[in-house]
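For reference, input-v9.txt is printed below; it contains compact mmCIF, C-alpha atoms.
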# COMPACT_ATOMS: atom_id res chain seq x y z
CA MET A 51 19.44 -8.02 -7.52
CA LYS A 52 20.50 -10.01 -10.55
CA TYR A 53 20.11 -8.93 -14.17
CA THR A 54 19.71 -10.55 -17.59
CA LYS A 55 19.45 -9.62 -21.25
CA LEU A 56 15.85 -9.48 -22.44
CA GLY A 57 15.79 -12.11 -25.16
CA ASN A 58 17.35 -10.96 -28.43
CA SER A 59 17.42 -7.32 -27.35
CA GLU A 60 20.18 -5.17 -25.89
CA LEU A 61 18.05 -4.38 -22.83
CA THR A 62 19.52 -5.38 -19.48
CA VAL A 63 16.67 -5.96 -17.03
CA SER A 64 16.37 -6.93 -13.38
CA ARG A 65 15.24 -10.51 -12.81
CA ILE A 66 12.12 -9.05 -11.19
CA CYS A 67 9.84 -6.80 -13.23
CA MET A 68 7.62 -4.48 -11.18
CA GLY A 69 4.05 -4.93 -12.41
CA CYS A 70 2.09 -1.70 -12.24
CA MET A 71 -1.46 -3.00 -12.61
CA GLY A 72 -1.98 -2.19 -8.93
CA PHE A 73 -1.16 1.48 -9.47
CA GLY A 74 -3.80 4.00 -10.46
CA ASP A 75 -6.82 5.92 -9.31
CA PRO A 76 -9.14 3.35 -7.63
CA ASN A 77 -12.10 5.52 -8.63
CA ASN A 78 -11.14 5.58 -12.31
CA GLY A 79 -11.16 2.09 -13.70
CA GLN A 80 -12.21 -1.51 -13.26
CA HIS A 81 -10.32 -2.27 -10.06
CA THR A 82 -11.10 -0.98 -6.58
CA TRP A 83 -7.95 -2.38 -4.92
CA THR A 84 -5.37 -0.19 -6.69
CA VAL A 85 -3.19 2.29 -4.78
CA ASP A 86 -3.08 6.06 -5.09
CA GLU A 87 -0.17 8.13 -6.35
CA GLU A 88 1.45 8.67 -2.97
CA HIS A 89 1.69 4.94 -2.31
CA THR A 90 2.73 4.27 -5.91
CA ARG A 91 5.68 6.61 -5.45
CA GLU A 92 6.70 4.83 -2.25
CA ILE A 93 6.61 1.42 -3.94
CA VAL A 94 8.50 2.59 -7.03
CA LYS A 95 11.19 4.27 -4.91
CA GLY A 96 11.53 1.14 -2.81
CA GLY A 97 11.82 -1.03 -5.90
CA LEU A 98 14.56 1.17 -7.34
CA ASP A 99 16.44 0.97 -4.04
CA LEU A 100 16.27 -2.84 -4.30
CA GLY A 101 17.85 -2.72 -7.76
CA ILE A 102 14.68 -3.24 -9.79
CA ASN A 103 15.00 -1.40 -13.10
CA PHE A 104 12.21 -3.07 -15.12
CA PHE A 105 8.67 -1.65 -14.93
CA ASP A 106 5.56 -2.88 -16.74
CA THR A 107 2.35 -0.87 -17.14
CA ALA A 108 -0.42 -0.50 -19.75
CA MET A 109 -2.76 2.09 -21.19
CA GLY A 110 -5.65 0.00 -19.90
CA TYR A 111 -4.64 0.00 -16.24
CA GLN A 112 -7.11 2.24 -14.44
CA ASN A 113 -7.80 4.26 -17.60
CA GLY A 114 -4.20 5.32 -18.01
CA THR A 115 -3.62 6.58 -14.48
CA SER A 116 -1.11 3.78 -13.86
CA GLU A 117 1.04 5.16 -16.68
CA GLU A 118 0.72 8.67 -15.27
CA TYR A 119 1.70 7.65 -11.73
CA LEU A 120 4.63 5.54 -12.90
CA GLY A 121 5.94 8.19 -15.27
CA ARG A 122 5.96 10.90 -12.63
CA ALA A 123 7.60 8.63 -10.04
CA LEU A 124 10.39 7.55 -12.39
CA LYS A 125 10.99 11.15 -13.44
CA ASP A 126 11.59 12.10 -9.81
CA PHE A 127 13.47 9.03 -8.60
CA ALA A 128 15.37 7.53 -11.55
CA ASP A 129 17.67 8.32 -14.45
CA ARG A 130 15.59 7.55 -17.54
CA ASN A 131 18.53 5.81 -19.20
CA GLN A 132 18.90 3.43 -16.25
CA VAL A 133 15.35 2.02 -16.26
CA VAL A 134 13.48 -0.21 -18.69
CA VAL A 135 9.86 0.84 -19.16
CA ALA A 136 7.24 -1.32 -20.87
CA THR A 137 3.67 -0.43 -21.67
CA LYS A 138 0.93 -2.08 -23.69
CA PHE A 139 -1.83 -1.22 -26.17
CA VAL A 140 -5.20 -2.85 -26.82
CA PRO A 141 -6.84 -3.79 -30.15
CA ARG A 142 -8.88 -1.39 -32.24
CA THR A 143 -12.37 -0.64 -30.98
CA ASN A 144 -15.41 -1.35 -33.12
CA GLN A 145 -15.83 2.39 -33.55
CA GLU A 146 -12.33 2.70 -34.98
CA ILE A 147 -12.99 -0.19 -37.33
CA GLU A 148 -16.24 1.41 -38.53
CA GLU A 149 -14.41 4.71 -39.06
CA GLY A 150 -11.75 3.00 -41.17
CA VAL A 151 -8.88 3.55 -38.73
CA THR A 152 -6.11 1.19 -39.84
CA GLY A 153 -4.02 -0.95 -37.56
CA GLN A 154 -1.03 1.28 -38.27
CA GLU A 155 -2.97 4.44 -37.40
CA HIS A 156 -4.34 2.84 -34.24
CA ILE A 157 -0.89 1.87 -32.98
CA GLU A 158 0.48 5.36 -33.65
CA ARG A 159 -2.40 6.87 -31.68
CA MET A 160 -1.91 4.47 -28.80
CA ILE A 161 1.85 4.97 -28.43
CA ASP A 162 1.49 8.76 -28.60
CA GLN A 163 -1.15 8.71 -25.88
CA SER A 164 0.94 6.43 -23.66
CA LEU A 165 4.05 8.56 -24.09
CA THR A 166 2.07 11.64 -23.12
CA ARG A 167 0.77 9.97 -19.96
CA LEU A 168 4.21 8.62 -19.08
CA GLY A 169 5.86 11.97 -19.81
CA MET A 170 8.51 10.18 -21.90
CA ASP A 171 9.90 10.41 -25.41
CA TYR A 172 10.09 6.63 -25.82
CA VAL A 173 9.41 3.32 -24.11
CA ASP A 174 11.95 0.54 -24.05
CA LEU A 175 9.40 -2.19 -24.76
CA TYR A 176 6.03 -1.71 -26.47
CA ILE A 177 3.75 -4.68 -25.94
CA TYR A 178 0.87 -5.92 -28.10
CA HIS A 179 -1.51 -6.59 -25.18
CA MET A 180 -3.76 -9.17 -26.83
CA TRP A 181 -4.19 -10.61 -30.32
CA ASP A 182 -6.41 -8.51 -32.56
CA TYR A 183 -8.48 -10.95 -34.61
CA GLN A 184 -10.14 -8.12 -36.55
CA THR A 185 -6.96 -6.49 -37.87
CA PRO A 186 -4.58 -8.00 -40.46
CA LEU A 187 -1.33 -9.19 -38.90
CA TYR A 188 0.65 -7.28 -41.52
CA ASP A 189 -0.92 -4.02 -40.33
CA ILE A 190 0.01 -4.79 -36.72
CA MET A 191 3.62 -5.68 -37.49
CA ASP A 192 4.01 -2.77 -39.88
CA GLY A 193 2.53 -0.39 -37.32
CA LEU A 194 4.86 -1.65 -34.59
CA ASN A 195 7.85 -1.43 -36.92
CA ARG A 196 6.99 2.20 -37.65
CA VAL A 197 6.94 2.92 -33.92
CA VAL A 198 10.43 1.44 -33.58
CA LYS A 199 11.75 3.28 -36.64
CA ALA A 200 10.34 6.55 -35.26
CA GLY A 201 12.27 6.02 -32.02
CA LYS A 202 9.13 5.83 -29.90
CA ALA A 203 9.92 2.27 -28.77
CA ARG A 204 13.25 0.47 -28.68
CA TYR A 205 11.80 -3.05 -28.91
CA ILE A 206 8.44 -4.79 -29.14
CA GLY A 207 6.86 -7.56 -27.11
CA ILE A 208 3.60 -9.49 -27.15
CA SER A 209 1.17 -10.68 -24.47
CA ASN A 210 -1.73 -13.14 -24.28
CA CYS A 211 -1.10 -15.08 -27.46
CA PHE A 212 -0.68 -18.68 -28.55
CA ALA A 213 2.74 -20.02 -29.53
CA TRP A 214 1.67 -20.40 -33.16
CA GLN A 215 0.66 -16.73 -33.26
CA LEU A 216 4.01 -15.57 -31.92
CA ALA A 217 5.84 -17.81 -34.39
CA LYS A 218 3.70 -16.57 -37.28
CA ALA A 219 4.17 -12.91 -36.34
CA ASN A 220 7.95 -13.15 -36.07
CA ALA A 221 8.13 -15.13 -39.32
CA LEU A 222 6.26 -12.30 -41.08
CA ALA A 223 8.54 -9.74 -39.45
CA ARG A 224 11.64 -11.57 -40.68
CA GLN A 225 10.17 -11.80 -44.17
CA GLU A 226 9.36 -8.08 -44.32
CA GLY A 227 12.38 -6.78 -42.42
CA PHE A 228 10.21 -5.55 -39.54
CA ALA A 229 11.07 -5.47 -35.83
CA GLN A 230 10.46 -8.84 -34.18
CA PHE A 231 8.96 -9.62 -30.78
CA VAL A 232 11.76 -10.06 -28.22
CA SER A 233 9.52 -11.01 -25.29
CA VAL A 234 6.21 -12.60 -24.44
CA GLN A 235 4.11 -11.79 -21.36
CA SER A 236 1.68 -14.60 -20.69
CA HIS A 237 -0.13 -16.34 -17.84
CA TYR A 238 2.33 -18.67 -16.13
CA ASN A 239 2.88 -19.69 -12.51
CA LEU A 240 3.03 -22.77 -10.27
CA ILE A 241 -0.72 -23.36 -10.46
CA PHE A 242 -1.11 -22.49 -14.16
CA ARG A 243 1.56 -24.16 -16.29
CA GLU A 244 -0.15 -24.58 -19.66
CA GLU A 245 2.54 -22.43 -21.33
CA GLU A 246 4.94 -25.35 -20.88
CA ARG A 247 3.22 -27.23 -23.70
CA GLU A 248 4.30 -25.03 -26.62
CA MET A 249 5.26 -21.48 -25.57
CA VAL A 250 8.17 -22.43 -23.32
CA PRO A 251 9.88 -24.63 -25.97
CA LEU A 252 9.35 -21.96 -28.66
CA CYS A 253 10.85 -19.22 -26.51
CA ARG A 254 13.80 -21.41 -25.57
CA GLU A 255 14.46 -22.22 -29.22
CA GLU A 256 14.15 -18.62 -30.43
CA ASN A 257 15.68 -16.87 -27.37
CA ILE A 258 12.45 -14.95 -26.73
CA ALA A 259 12.27 -13.71 -23.15
CA MET A 260 9.37 -14.85 -21.01
CA THR A 261 8.06 -12.22 -18.58
CA PRO A 262 4.90 -13.87 -17.24
CA TYR A 263 2.15 -12.04 -15.39
CA SER A 264 0.09 -13.37 -12.47
CA SER A 265 3.32 -14.84 -11.14
CA LEU A 266 1.78 -15.24 -7.67
CA ALA A 267 -1.71 -16.09 -8.95
CA GLY A 268 -3.28 -12.93 -7.61
CA GLY A 269 -1.77 -13.57 -4.17
CA ARG A 270 -2.80 -17.22 -3.89
CA LEU A 271 0.79 -18.42 -4.02
CA SER A 272 1.90 -16.00 -1.33
CA LYS A 273 -0.72 -16.49 1.39
CA HIS A 274 -0.94 -19.20 4.06
CA PRO A 275 -4.40 -20.71 4.70
CA GLY A 276 -6.59 -18.14 6.39
CA GLU A 277 -4.53 -15.15 5.24
CA THR A 278 -6.23 -12.69 2.93
CA SER A 279 -5.87 -9.25 1.37
CA LYS A 280 -7.96 -6.56 -0.25
CA ARG A 281 -6.94 -7.84 -3.67
CA LEU A 282 -7.73 -11.46 -2.87
CA LYS A 283 -11.22 -10.37 -1.88
CA GLU A 284 -11.95 -7.83 -4.61
CA ASP A 285 -10.01 -8.93 -7.71
CA SER A 286 -12.88 -10.37 -9.74
CA TYR A 287 -10.63 -11.14 -12.71
CA ALA A 288 -8.35 -13.31 -10.54
CA HIS A 289 -11.42 -15.12 -9.21
CA LEU A 290 -12.43 -15.78 -12.82
CA LYS A 291 -9.01 -17.31 -13.51
CA TYR A 292 -8.59 -19.45 -10.40
CA ASP A 293 -11.85 -20.27 -8.63
CA ALA A 294 -12.79 -23.19 -10.89
CA THR A 295 -9.61 -25.12 -10.01
CA ALA A 296 -9.26 -23.99 -6.39
CA VAL A 297 -9.41 -27.52 -4.96
CA GLU A 298 -6.71 -28.89 -7.26
CA ASP A 299 -4.56 -25.78 -6.88
CA GLN A 300 -4.73 -25.86 -3.09
CA LYS A 301 -2.60 -29.02 -3.06
CA ILE A 302 0.24 -27.09 -4.66
CA ILE A 303 -0.31 -24.01 -2.51
CA ASP A 304 -0.10 -26.20 0.61
CA ARG A 305 3.24 -27.57 -0.58
CA VAL A 306 4.51 -24.03 -1.16
CA ALA A 307 3.54 -23.15 2.42
CA GLU A 308 5.14 -26.33 3.77
CA LEU A 309 8.39 -25.73 1.89
CA ALA A 310 8.46 -22.06 2.91
CA ASP A 311 8.17 -23.05 6.58
CA ARG A 312 10.86 -25.68 6.17
CA ARG A 313 13.26 -23.23 4.49
CA GLY A 314 12.42 -20.34 6.82
CA VAL A 315 11.36 -18.06 3.95
CA SER A 316 8.11 -16.62 2.65
CA MET A 317 5.71 -18.34 0.26
CA THR A 318 6.43 -15.50 -2.18
CA GLU A 319 10.10 -16.46 -2.21
CA ILE A 320 9.37 -20.13 -2.87
CA SER A 321 6.83 -19.45 -5.63
CA LEU A 322 9.01 -16.90 -7.41
CA ALA A 323 12.20 -18.94 -6.99
CA TRP A 324 10.45 -21.73 -8.88
CA LEU A 325 9.33 -19.35 -11.66
CA LEU A 326 12.72 -17.64 -11.86
CA SER A 327 14.23 -21.00 -12.76
CA LYS A 328 11.97 -21.09 -15.82
CA VAL A 329 11.77 -17.52 -17.17
CA ALA A 330 13.75 -14.30 -17.67
CA ALA A 331 11.84 -11.89 -15.43
CA PRO A 332 8.42 -12.54 -13.90
CA VAL A 333 6.11 -9.55 -13.57
CA VAL A 334 5.37 -9.11 -9.87
CA GLY A 335 2.58 -6.74 -8.88
CA ALA A 336 2.81 -4.67 -5.73
CA THR A 337 0.46 -2.62 -3.60
CA LYS A 338 2.89 -2.44 -0.66
CA PRO A 339 6.69 -1.92 -0.51
CA SER A 340 7.02 -5.27 1.28
CA HIS A 341 5.75 -7.05 -1.84
CA MET A 342 8.84 -5.96 -3.77
CA GLU A 343 11.14 -6.83 -0.86
CA GLY A 344 9.90 -10.42 -0.88
CA ALA A 345 10.22 -10.63 -4.65
CA ALA A 346 13.79 -9.33 -4.53
CA ARG A 347 14.77 -11.95 -1.94
CA ALA A 348 13.45 -14.68 -4.24
CA VAL A 349 16.17 -13.89 -6.76
CA GLU A 350 18.76 -15.21 -4.29
CA LEU A 351 16.87 -18.41 -3.45
CA GLU A 352 17.63 -21.65 -5.28
CA LEU A 353 15.44 -24.72 -5.03
CA SER A 354 16.89 -28.21 -5.19
CA PRO A 355 15.73 -30.59 -7.95
CA GLU A 356 13.85 -32.55 -5.27
CA GLU A 357 12.07 -29.42 -4.00
CA THR A 358 11.14 -28.42 -7.55
CA ALA A 359 9.73 -31.87 -8.28
CA TYR A 360 7.76 -31.80 -5.01
CA LEU A 361 6.12 -28.50 -5.97
CA GLU A 362 5.34 -29.63 -9.50
CA GLU A 363 4.06 -33.15 -8.85
CA PRO A 364 0.39 -32.36 -7.94
CA TYR A 365 -0.25 -30.24 -11.05
CA VAL A 366 -3.18 -31.23 -13.27
CA PRO A 367 -3.99 -29.81 -16.73
CA HIS A 368 -6.01 -26.59 -16.69
CA ARG A 369 -8.44 -25.11 -19.18
CA LEU A 370 -7.57 -21.78 -20.74
CA VAL A 371 -8.93 -18.90 -18.68
CA GLY A 372 -9.23 -15.12 -18.68
CA VAL A 373 -8.17 -13.04 -21.67
CA MET A 374 -7.09 -16.04 -23.73
CA VAL A 375 -10.62 -17.46 -23.66
CA GLN A 376 -12.45 -14.17 -23.96
CA ASN A 377 -10.32 -12.76 -26.74
CA THR A 378 -10.33 -15.99 -28.76
CA ALA A 379 -14.13 -15.85 -28.70
CA SER A 380 -13.94 -12.61 -30.68
CA SER A 381 -12.61 -14.59 -33.63
CA ALA A 382 -15.83 -16.61 -33.72
CA LYS A 383 -17.89 -13.84 -35.37
CA GLU A 384 -18.49 -12.04 -32.08
CA SER A 385 -17.62 -8.38 -31.77
CA HIS A 386 -16.02 -7.23 -28.54
CA VAL A 387 -14.76 -3.94 -27.23
CA TRP A 388 -11.78 -4.27 -24.91
CA PHE A 389 -10.43 -1.74 -22.46
CA ASN A 390 -9.08 -2.05 -18.94
CA GLY A 391 -9.83 -5.77 -18.85
CA LYS A 392 -13.53 -5.29 -19.54
CA GLN A 393 -15.46 -7.06 -22.27
CA LYS A 394 -18.53 -5.68 -23.97
CA THR A 395 -20.42 -7.74 -26.55
CA GLU A 396 -22.00 -5.61 -29.24

Using structure tokens, write down the structure that the file contains.
Amino acid sequence: MKYTKLGNSELTVSRICMGCMGFGDPNNGQHTWTVDEEHTREIVKGGLDLGINFFDTAMGYQNGTSEEYLGRALKDFADRNQVVVATKFVPRTNQEIEEGVTGQEHIERMIDQSLTRLGMDYVDLYIYHMWDYQTPLYDIMDGLNRVVKAGKARYIGISNCFAWQLAKANALARQEGFAQFVSVQSHYNLIFREEEREMVPLCREENIAMTPYSSLAGGRLSKHPGETSKRLKEDSYAHLKYDATAVEDQKIIDRVAELADRRGVSMTEISLAWLLSKVAAPVVGATKPSHMEGAARAVELELSPEETAYLEEPYVPHRLVGVMVQNTASSAKESHVWFNGKQKTE
């Protein structure tokens, strides 16, 4: 395994981040394809053995059971000081807004609940899961700064935002002397490269670490034609993100498969090797130990400039999808409640 500094922080992280969205009680949340605690422990232990020290979860993953499973596994298998743990919080609910709960109060509640589920005194990275259009930015940045000052989080990150929002937030933080975002977790992979327009240049300029999710496009970039999995069949959110461009994307997926066969490696290794040349540490989800083994091998694989160009050449512009579309709609006078990836219009 190789390691890198996470942006402008002092955190040293493995080049692969274990994504924990696939962990959690399958009967307690949106997803039916998640794995139980026994299998979670096996995957976490295997990842640690491979040198992975960076773990990403969220309060919204299977109603908090992902945090619980991960926390207990790390307590048993790892030295807390040797791992980097990230979790995320969602915006205020309409009920909280009606009750007058401030952004600062909301963030304090959320971090305390996550720490309880994780069984930890602090997280290394606390991530603003999606932009809250109904809460003043000052309240968000002040609330996050209080979490850092209280020692409940070492650093802060952001997810699912536009480049202008990240720039604006960090500018406010600099002005007020608040903690700044050191990382951004956004949707970026070989078949969805819209972040290259503005987010990638911003992060390069400001040394903000990119830790993209959906690095294998919900399994699409790791499966040969005809291969499938429980997640590929049942992950409705991934279908929402990728079905509309399946024909265009297949051209790239076919090239990944062709190059994998030519190099004698897996499609996972090819897809992640490409992404690792662009970002600090992609978030790679796992529901089997073998998923992490393939991801770890990708760290050692280097693509030639010609191979990279061959993979990139068929790409066509994509519309925004998923959270970025749904959450932006909430700024257009619509009121949404968000939890565990679900959207409810009031």

Rows by chain and residue number, region 136-253 of chain A within 10 Å of region 310-332 of chain A, shortest pair, only C-alpha atoms, as a tab-separated table:
residue	atom	partner	partner_atom	distance
A:Ser233	CA	A:Ala330	CA	9.3
A:Gln235	CA	A:Pro332	CA	8.6
A:Ser236	CA	A:Pro332	CA	9.8
A:Tyr238	CA	A:Leu325	CA	8.3
A:Asn239	CA	A:Leu325	CA	6.5
A:Leu240	CA	A:Ser321	CA	6.9
A:Ile241	CA	A:Ser321	CA	9.8
A:Glu246	CA	A:Lys328	CA	9.7
A:Val250	CA	A:Lys328	CA	8.5
A:Cys253	CA	A:Val329	CA	9.5

Selection: 12 Å around Asp299 (chain A), all atoms listed in the file, excl. self and same-chain fewer than 6 positions, as a count of residues only: 21

Any chance you could tabulate, as a tab-separated table, the residues of region 180-297 of chain A at most 12 Å from region 104-112 of chain A with each one's nearest atom pair and distance in Å to one decimal, using only C-alpha atoms, in chain and rising number order?
residue	atom	partner	partner_atom	distance
A:Met180	CA	A:Gly110	CA	11.6
A:Gly207	CA	A:Asp106	CA	11.5
A:Ser209	CA	A:Ala108	CA	11.3
A:Gln235	CA	A:Asp106	CA	10.1
A:Thr261	CA	A:Asp106	CA	9.8
A:Pro262	CA	A:Asp106	CA	11.0
A:Tyr263	CA	A:Asp106	CA	9.9

Any chance you can output those residues with C-alpha atoms as an mmCIF file, in the frame of the given file?
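As a result, out.cif now contains:
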data_model
loop_
_atom_site.group_PDB
_atom_site.id
_atom_site.type_symbol
_atom_site.label_atom_id
_atom_site.label_comp_id
_atom_site.auth_asym_id
_atom_site.auth_seq_id
_atom_site.Cartn_x
_atom_site.Cartn_y
_atom_site.Cartn_z
ATOM 1 C CA MET A 180 -3.760 -9.170 -26.830
ATOM 2 C CA GLY A 207 6.860 -7.560 -27.110
ATOM 3 C CA SER A 209 1.170 -10.680 -24.470
ATOM 4 C CA GLN A 235 4.110 -11.790 -21.360
ATOM 5 C CA THR A 261 8.060 -12.220 -18.580
ATOM 6 C CA PRO A 262 4.900 -13.870 -17.240
ATOM 7 C CA TYR A 263 2.150 -12.040 -15.390
#

Identify the residues around (-9.2, -2.8, -43.9) within a radius of 12 Å, measuring from all atoms listed in the file in the coordinates stated by the file, and give them as a PDB file with C-alpha atoms, in the frame of the given file.
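Saved to selection_17.pdb:
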ATOM      1  CA  ARG A 142      -8.880  -1.390 -32.240  1.00  0.00           C
ATOM      2  CA  GLU A 146     -12.330   2.700 -34.980  1.00  0.00           C
ATOM      3  CA  ILE A 147     -12.990  -0.190 -37.330  1.00  0.00           C
ATOM      4  CA  GLU A 148     -16.240   1.410 -38.530  1.00  0.00           C
ATOM      5  CA  GLU A 149     -14.410   4.710 -39.060  1.00  0.00           C
ATOM      6  CA  GLY A 150     -11.750   3.000 -41.170  1.00  0.00           C
ATOM      7  CA  VAL A 151      -8.880   3.550 -38.730  1.00  0.00           C
ATOM      8  CA  THR A 152      -6.110   1.190 -39.840  1.00  0.00           C
ATOM      9  CA  GLY A 153      -4.020  -0.950 -37.560  1.00  0.00           C
ATOM     10  CA  GLN A 154      -1.030   1.280 -38.270  1.00  0.00           C
ATOM     11  CA  GLU A 155      -2.970   4.440 -37.400  1.00  0.00           C
ATOM     12  CA  GLN A 184     -10.140  -8.120 -36.550  1.00  0.00           C
ATOM     13  CA  THR A 185      -6.960  -6.490 -37.870  1.00  0.00           C
ATOM     14  CA  PRO A 186      -4.580  -8.000 -40.460  1.00  0.00           C
ATOM     15  CA  LEU A 187      -1.330  -9.190 -38.900  1.00  0.00           C
ATOM     16  CA  TYR A 188       0.650  -7.280 -41.520  1.00  0.00           C
ATOM     17  CA  ASP A 189      -0.920  -4.020 -40.330  1.00  0.00           C
ATOM     18  CA  ILE A 190       0.010  -4.790 -36.720  1.00  0.00           C
TER      19      ILE A 190
END

Please identify every residue of region 223-338 of chain A that has at least one atom no farther than 12 Å from an atom of region 87-92 of chain A, counting all atoms listed in the file, and for each give the shortest atom pair and the distance in Å to one decimal, arranged by chain then increasing number, as a Markdown table.
| residue | atom | partner | partner_atom | distance |
| --- | --- | --- | --- | --- |
| A:Gly335 | CA | A:Thr90 | CA | 11.4 |
| A:Ala336 | CA | A:Thr90 | CA | 8.9 |
| A:Thr337 | CA | A:Thr90 | CA | 7.6 |
| A:Lys338 | CA | A:His89 | CA | 7.7 |

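Coordinates place CA of Val63 (chain A) at a distance of 20.5 Å from CA of Leu165 (chain A).
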
Place a sphere of radius 10 Å on (-5.2, -11.0, -32.5) in the file coordinates and name every protein, DNA or RNA residue with an atom inside or on its surface, counting only C-alpha atoms; give the answer as a compact mmCIF listing (two decimals) with C-alpha atoms, keeping the file's coordinate frame.
# COMPACT_ATOMS: atom_id res chain seq x y z
CA VAL A 140 -5.20 -2.85 -26.82
CA PRO A 141 -6.84 -3.79 -30.15
CA TYR A 178 0.87 -5.92 -28.10
CA HIS A 179 -1.51 -6.59 -25.18
CA MET A 180 -3.76 -9.17 -26.83
CA TRP A 181 -4.19 -10.61 -30.32
CA ASP A 182 -6.41 -8.51 -32.56
CA TYR A 183 -8.48 -10.95 -34.61
CA GLN A 184 -10.14 -8.12 -36.55
CA THR A 185 -6.96 -6.49 -37.87
CA PRO A 186 -4.58 -8.00 -40.46
CA LEU A 187 -1.33 -9.19 -38.90
CA ILE A 190 0.01 -4.79 -36.72
CA ASN A 210 -1.73 -13.14 -24.28
CA CYS A 211 -1.10 -15.08 -27.46
CA PHE A 212 -0.68 -18.68 -28.55
CA GLN A 215 0.66 -16.73 -33.26
CA ASN A 377 -10.32 -12.76 -26.74
CA THR A 378 -10.33 -15.99 -28.76
CA SER A 380 -13.94 -12.61 -30.68
CA SER A 381 -12.61 -14.59 -33.63

Length of the CA of Asn131 (chain A) to CA of Glu117 (chain A) vector [Å]: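 If I compute the distance from CA of Asn131 (chain A) to CA of Glu117 (chain A), I get 17.7 Å.
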
Counting all atoms listed in the file, the residue of A:Gly96, A:Gly101, A:Lys138, A:Leu222 that sits nearest Ala123 (chain A):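 Of all the options, A:Gly96 lies closest to Ala123 (chain A).
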
Residue among A:Gly169, A:Phe231, A:Asn195, A:Asn103 lying closest to Thr54 (chain A), counting all atoms listed in the file: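 Closest to Thr54 (chain A) of all the choices is A:Asn103.
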
Nearest candidate to Asp171 (chain A) (options A:Gly268, A:Gly201, A:Gly72, A:Pro339; using all atoms listed in the file): A:Gly201

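Distance check against Ile102 (chain A) using all atoms listed in the file: of A:Ala259, A:Val349, A:Met374, A:Ile303, the minimum falls on A:Val349.
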